[in-house]
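Read through the structure below, which is laid out as structure tokens, and then see the notes.
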Amino acid sequence: MTAFGKLIRTTAFRLTLVYLFLFAFFAASLLGYFAWNTRRLINEQITTTVNGEISEISDIYERRGIRLLVGTIENRALRPGANLYLVTTQAGRAIAGNVGSLSPGVMASTGWSETLYRRLDEQDPADHRALVRVTVLSSGLRLLIGRDLEERRRLFGIVASAAQWSVLIVVVLGLGGGIFVARRVLRRIDAMTGTTQRIMAGDLSGRLPVGRSGDELDRLAENLNAMLERIEALMMGLKEVSDNIAHDLKTPLTRLRNRAEEALARSSNESEYRAALERTIEESDGLIRTFNALLMIARAESGQARGNMDNFDAAEIAHDIQELYEPLAEDSGMTLQVKTEPAILHGNRELISQALANLVENAIKYGRPQPSAQPLGAGAGKDIVIEAKRDGDLVLLSVTDRGPGIPEADRKHAIERFVRLEASRSLPGSGLGLSLASAVATLHGGNLTLGDANPGLRATLTIPAVSGEGLAGQTVDVQQKSA
Amino acid sequence: MTLTSTDSQMRLLIIEDDRESADYLVKAFREVGYVADHAGDGEEGLALAEGGDYDVLVIDRMLPKRDGLSVIGALREKGNRTPALILSALGQVDDRIKGLRAGGDDYLPKPYAFAELLARVEVLSRRHGGPAEETSYKVGDLELDRLSHRVTRGDEELTLQPREFRLLEYLMKHAGQVVTRTMLLENVWDYHFDPQTNVIDVHISRLRSKIDKGFERPLLHTIRGAGYMIRDGLK
């Protein structure tokens with residue numbers, strides 16, 4: 001397609017053509033209306049004046065006779081201007097007036113007519129056009145009074161040329177503007193097309209150019225850029241996940257294989273074989289756990305678990321999890337406490353429990369108080385607190401520890417899959433706990449945030465609450481507290 | 001306590017289309033004293049299950065010709081109540097619920113440890129043929145009364161937390177059988193997820209310190225690679 005072909009195919013150009021036609025039509029109609037009305041007005045004016053003069057002159061003739069009629073006519077005919085006067089006999093012989101010649105037959109008929117004429121006092125050989133009225137006076141004399149139409153013709157000429165010029169200007173400006181706009185749009189669309197082609201070719205980092213005007217194309221470009229941003233993030237995530245899966249599954253698989261190989265080569269008695277096999281089973285159990293966690297996250301992220309939701313109190317879950325993990329925390333030299341108020345939410349109980357369990361497991365694993373940094377009393381620093389509370393339309397389920405916390409810069413990163421911050425690499429775990437908790441929160445329309453508990457980490461699951469159950473929930477709370 | 005697997009010839013039907021897993025299961029169950037039959041697809045499995053007198057059915061969820069859930073459904077419709085354990089690669093919560101709703105009695109996601117499968121099959125088969133829920137359990141000199149919530153060992157009364165009581169109750173109900181960590185988490189805590197930590201072990205060791213500490217003969221045993229078992233040391 002040629003550049004011009006492309007240009008005239010643009011929407012902008014086509015729209016311009018439509019508008020151009022509309023505006024030209026409008027200009028022409030306006031001028032036509034104006035011309036037609038002006039003509040009518042001029043004719044009306046002429047008619048009124050001529051009628052008045054005729055009745056005046058007829059009156060003079062009726063009352064004062066032919067001499068004064070001729071005198072008046074001669075007198076008026078001499079005035080410069082555009083008026084025509086002529087009095088003839090019944091036979092057509094001129095008695096007085098300023099008309100030299102007329103179109104044939106004008107004097108024969110009475111009433112209004114348009115005629116060509118020549119004035120007596122004019123040297124100009126050209127004929128002029130006039131609107132005249134012929135009447136027959138009582139004695140049979142014929143009286144003609146008329147007006148030259150030069151003025152009307154000139155006005156028409158002006159209107160006609162105005163029409164021509166305006167249409168021409170509209171067309172030129174319209175076409176020029178259309179081409180300008182179309183080229184501008186085309187240039188930007190071409191730039192966008194070029195970028196998208198580069199992106200399709202595999203360069204996901206490309207972004208569409210965004211102008212400063214904030215117009216619809218800029219908005220489109222911004223939206224497309226946001227979409228590209230998301231796609232790139234997803235692709236990066238996917239790549240990272242597959243890299244991490246490769247790493248997190250391959251490393252233990254390699255270890256597994258090496259152990260089996262070593263046992264085969266070195267073991268001499270049954271107990272050594274047995275030990276090697278037991279380690280192999282342990283290792284594969286770990287692998288299965290990692291794999292299950294991955295599936296769970298994938299499932300939570302794809303929203304498949306939405307079918308299995310009902311209303312329940314987050315406080316109950318907090319108590320259940322506290323009860324399950326309290327001995328483990330105690331074994332690790334910490335205490336696990338729970339602080340709840342009724343907080344009804346709608347969700348998958350199992351998944352929320354697992355998310356909270358993951359946060360508690362993390363707190364037990366990594367939340368050991370730092371011996372150096374313990375500003376609080378000796379006892380207070382060892383607590384892990386599970387808290388369930390309602391905050392407006394939200395249910396907050398949080399786990400707070402008194403450990404080293406996570407530096408602000410690392411927090412977002414920590415939620416990602418398989419990320420195990422440097423400090424935790426030596427401890428067992430799949431690195432999927434926080435990302436599963438985050439996926440569960442997202443599934444429920446909420447999120448997981450990591451905050452600073454000064455010192456320590458506060459991990460909070462924020463999930464939309466179910467409203468209107470506050471009263472029933474409060475009763476439950478009282479019972480729990482008294483129990 | 002004599003109800004271990006080797007004491008009675010239990011009949012088991014394995015409906016599994018993967019030849020290798022099926023052979024492995026048949027062999028492994030025979031080694032522990034079961035009579036194990038195998039069917040390779042849903043139709044054959046259904047026919048065998050209807051005809052044979054089995055104690056437990058182990059059914060793969062996805063089978064050629066007729067899927068596992070529909071095999072169970074067809075059996076239940078005909079009044080066959082043989083306990084069925086569903087094996088499935090779909091290990092998620094609602095798949096489990098679907099499986100149990102279809103008439104399955106237990107659900108085990110693949111991949112599984114044989115010890116886990118065996119423990120669950122034993123629990124199922126015993127429930128099938130065994131006596132109704134008892135009001136008290138006794139293992140050696142350890143006694144648990146479900147009505148009064150009293151636990152005694154010898155002459156000594158033991159004080160247990162409510163959850164410890166339920167843990168012991170479950171273990172004693174299946175005395176002489178291996179109970180796995182996931183079974184405990186499912187039945188005592190009603191959680192179906194897989195904790196990444198040894199949280200169950202800690203509860204067991206607390207329970208153990210209450211029921212075995214200071215007594216000559218331990219009753220609560222750790223079965224390596226499988227789980228726990230409560231039984232009188234002298235078999």
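As shown in the structure tokens, the chain order sets the letters A, B, ...; within each chain, residues go from 1, and ligands are also counted from 1 in the order they appear.
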
Write out as JSON, numbers by chain which residues come within 8 Å of Ser438 of chain A when counting only C-alpha atoms, dropping same-chain ones fewer than 5 positions away. {"A": [355, 415, 447, 448, 461]}

Write down, as a VMD selection string, each residue of chain B that has any atom within 12 Å of an atom of chain A, counting only C-alpha atoms. chain B and resid 89 to 98 109 to 116 161 to 164 167 184 to 186 188 to 207 224 to 226

Output as an NGL selection string all residues of segment 114-343 of chain A that backbone DSSP marks as strand (DSSP E or B). :A and (114-119 or 128-136 or 142-148 or 310-313 or 335-340)

What does the file look like for those residues with N, CA and C atoms, as a JSON list (two decimals), in the first residue's frame?
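Below you can see part_38.json, which holds the result:
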[["chain", "number", "residue", "atom", "x", "y", "z"],
["A", 114, "GLU", "N", -40.09, 42.21, -15.99],
["A", 114, "GLU", "CA", -38.66, 42.56, -16.02],
["A", 114, "GLU", "C", -38.30, 42.82, -17.46],
["A", 115, "THR", "N", -37.51, 43.84, -17.64],
["A", 115, "THR", "CA", -37.19, 44.21, -19.02],
["A", 115, "THR", "C", -35.78, 44.74, -19.14],
["A", 116, "LEU", "N", -35.29, 44.66, -20.40],
["A", 116, "LEU", "CA", -34.02, 45.31, -20.67],
["A", 116, "LEU", "C", -34.35, 46.73, -21.12],
["A", 117, "TYR", "N", -33.51, 47.66, -20.76],
["A", 117, "TYR", "CA", -33.80, 49.05, -21.17],
["A", 117, "TYR", "C", -32.51, 49.79, -21.40],
["A", 118, "ARG", "N", -32.70, 50.99, -22.05],
["A", 118, "ARG", "CA", -31.58, 51.91, -22.18],
["A", 118, "ARG", "C", -32.08, 53.29, -21.85],
["A", 119, "ARG", "N", -31.32, 54.04, -21.08],
["A", 119, "ARG", "CA", -31.77, 55.39, -20.71],
["A", 119, "ARG", "C", -31.45, 56.37, -21.82],
["A", 128, "HIS", "N", -29.59, 47.58, -19.80],
["A", 128, "HIS", "CA", -29.65, 47.26, -18.37],
["A", 128, "HIS", "C", -30.96, 46.56, -18.08],
["A", 129, "ARG", "N", -30.99, 45.99, -16.94],
["A", 129, "ARG", "CA", -32.20, 45.26, -16.57],
["A", 129, "ARG", "C", -32.96, 46.06, -15.52],
["A", 130, "ALA", "N", -34.25, 46.02, -15.64],
["A", 130, "ALA", "CA", -35.05, 46.77, -14.68],
["A", 130, "ALA", "C", -36.35, 46.04, -14.39],
["A", 131, "LEU", "N", -36.89, 46.34, -13.22],
["A", 131, "LEU", "CA", -38.21, 45.82, -12.86],
["A", 131, "LEU", "C", -39.18, 46.99, -13.01],
["A", 132, "VAL", "N", -40.21, 46.82, -13.87],
["A", 132, "VAL", "CA", -41.10, 47.94, -14.17],
["A", 132, "VAL", "C", -42.56, 47.56, -13.98],
["A", 133, "ARG", "N", -43.38, 48.62, -13.77],
["A", 133, "ARG", "CA", -44.83, 48.39, -13.75],
["A", 133, "ARG", "C", -45.50, 49.37, -14.72],
["A", 134, "VAL", "N", -46.34, 48.84, -15.54],
["A", 134, "VAL", "CA", -47.05, 49.68, -16.51],
["A", 134, "VAL", "C", -48.51, 49.78, -16.08],
["A", 135, "THR", "N", -49.03, 51.03, -16.05],
["A", 135, "THR", "CA", -50.48, 51.21, -15.76],
["A", 135, "THR", "C", -51.10, 52.09, -16.84],
["A", 136, "VAL", "N", -52.38, 51.92, -16.97],
["A", 136, "VAL", "CA", -53.10, 52.76, -17.95],
["A", 136, "VAL", "C", -53.85, 53.83, -17.15],
["A", 142, "ARG", "N", -50.43, 55.69, -21.12],
["A", 142, "ARG", "CA", -49.75, 54.60, -20.42],
["A", 142, "ARG", "C", -48.58, 55.13, -19.62],
["A", 143, "LEU", "N", -48.53, 54.72, -18.39],
["A", 143, "LEU", "CA", -47.46, 55.20, -17.48],
["A", 143, "LEU", "C", -46.58, 54.01, -17.06],
["A", 144, "LEU", "N", -45.26, 54.18, -17.24],
["A", 144, "LEU", "CA", -44.31, 53.13, -16.81],
["A", 144, "LEU", "C", -43.39, 53.70, -15.75],
["A", 145, "ILE", "N", -43.34, 53.01, -14.64],
["A", 145, "ILE", "CA", -42.34, 53.40, -13.62],
["A", 145, "ILE", "C", -41.58, 52.14, -13.21],
["A", 146, "GLY", "N", -40.27, 52.27, -13.10],
["A", 146, "GLY", "CA", -39.50, 51.07, -12.75],
["A", 146, "GLY", "C", -38.20, 51.38, -12.03],
["A", 147, "ARG", "N", -37.55, 50.37, -11.68],
["A", 147, "ARG", "CA", -36.26, 50.50, -10.98],
["A", 147, "ARG", "C", -35.22, 49.63, -11.67],
["A", 148, "ASP", "N", -34.04, 50.20, -11.71],
["A", 148, "ASP", "CA", -32.93, 49.43, -12.27],
["A", 148, "ASP", "C", -32.58, 48.27, -11.31],
["A", 310, "ASP", "N", -17.88, -20.87, 52.62],
["A", 310, "ASP", "CA", -19.02, -20.53, 53.46],
["A", 310, "ASP", "C", -18.61, -19.49, 54.49],
["A", 311, "ASN", "N", -19.54, -19.08, 55.32],
["A", 311, "ASN", "CA", -19.24, -18.04, 56.32],
["A", 311, "ASN", "C", -18.70, -18.69, 57.59],
["A", 312, "PHE", "N", -17.64, -18.10, 58.11],
["A", 312, "PHE", "CA", -17.14, -18.60, 59.39],
["A", 312, "PHE", "C", -16.40, -17.47, 60.10],
["A", 313, "ASP", "N", -16.08, -17.71, 61.36],
["A", 313, "ASP", "CA", -15.43, -16.69, 62.16],
["A", 313, "ASP", "C", -13.93, -16.90, 62.14],
["A", 335, "THR", "N", 6.32, -18.45, 73.01],
["A", 335, "THR", "CA", 4.92, -18.74, 73.34],
["A", 335, "THR", "C", 4.06, -18.26, 72.18],
["A", 336, "LEU", "N", 2.95, -18.95, 72.02],
["A", 336, "LEU", "CA", 2.03, -18.60, 70.94],
["A", 336, "LEU", "C", 0.74, -18.13, 71.58],
["A", 337, "GLN", "N", 0.44, -16.84, 71.39],
["A", 337, "GLN", "CA", -0.76, -16.31, 72.02],
["A", 337, "GLN", "C", -1.77, -15.92, 70.96],
["A", 338, "VAL", "N", -3.01, -15.74, 71.43],
["A", 338, "VAL", "CA", -4.04, -15.41, 70.47],
["A", 338, "VAL", "C", -4.91, -14.29, 71.03],
["A", 339, "LYS", "N", -5.24, -13.35, 70.13],
["A", 339, "LYS", "CA", -6.05, -12.19, 70.52],
["A", 339, "LYS", "C", -7.12, -12.06, 69.45],
["A", 340, "THR", "N", -8.38, -12.25, 69.85],
["A", 340, "THR", "CA", -9.39, -12.22, 68.80],
["A", 340, "THR", "C", -10.60, -11.40, 69.16]]

Within segment 65-172 of chain B, find each residue whose DSSP state, derived from the backbone, is helix (DSSP H, G or I), and express the selection as a ChimeraX atom specification. /B:68-77,93-101,114-129,162-172

Can you tell me which residues surround Ser166 of chain A at a distance of at most 10 Å, considering only C-alpha atoms, apart from same-chain residues fewer than 3 positions away, and format the answer as a PyMOL selection string? chain A and resi 23-24+27-28+31+160-163+169-172

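For the atom pair formed by atom CA of Ser113 of chain A and atom CA of Leu69 of chain A, the distance is 23.0 Å, given to one decimal.
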
Students should find that atom CA of Phe29 of chain B and atom CA of Leu118 of chain B are spaced 7.8 Å

What is the atom CA of Leu256 of chain A-atom CA of Ala28 of chain B distance in Å, reported with one decimal? 22.8 Å

Using only C-alpha atoms: which of A:Asp452, A:Glu44, A:Asp127, A:Glu222 has the shortest distance to Gly100 of chain A: A:Asp127

When you look at Gly52 of chain B with a cut-off of 9 Å (counting only C-alpha atoms), what residues show up, excluding the ones that are within fewer than 5 positions of it in the same chain? I need them as a VMD selection string. chain B and resid 11 13 47

Which polymer residues have any atom within 10 Å of an atom of Asp18 of chain B, counting only C-alpha atoms, with same-chain residues fewer than 4 positions away left out, as a PyMOL selection string? chain B and resi 22-23+40-41+60+63

Counting only C-alpha atoms, the residue among B:Leu12, B:Asp37, B:Pro218, B:Val151 that lies closest to Arg166 of chain B is B:Val151
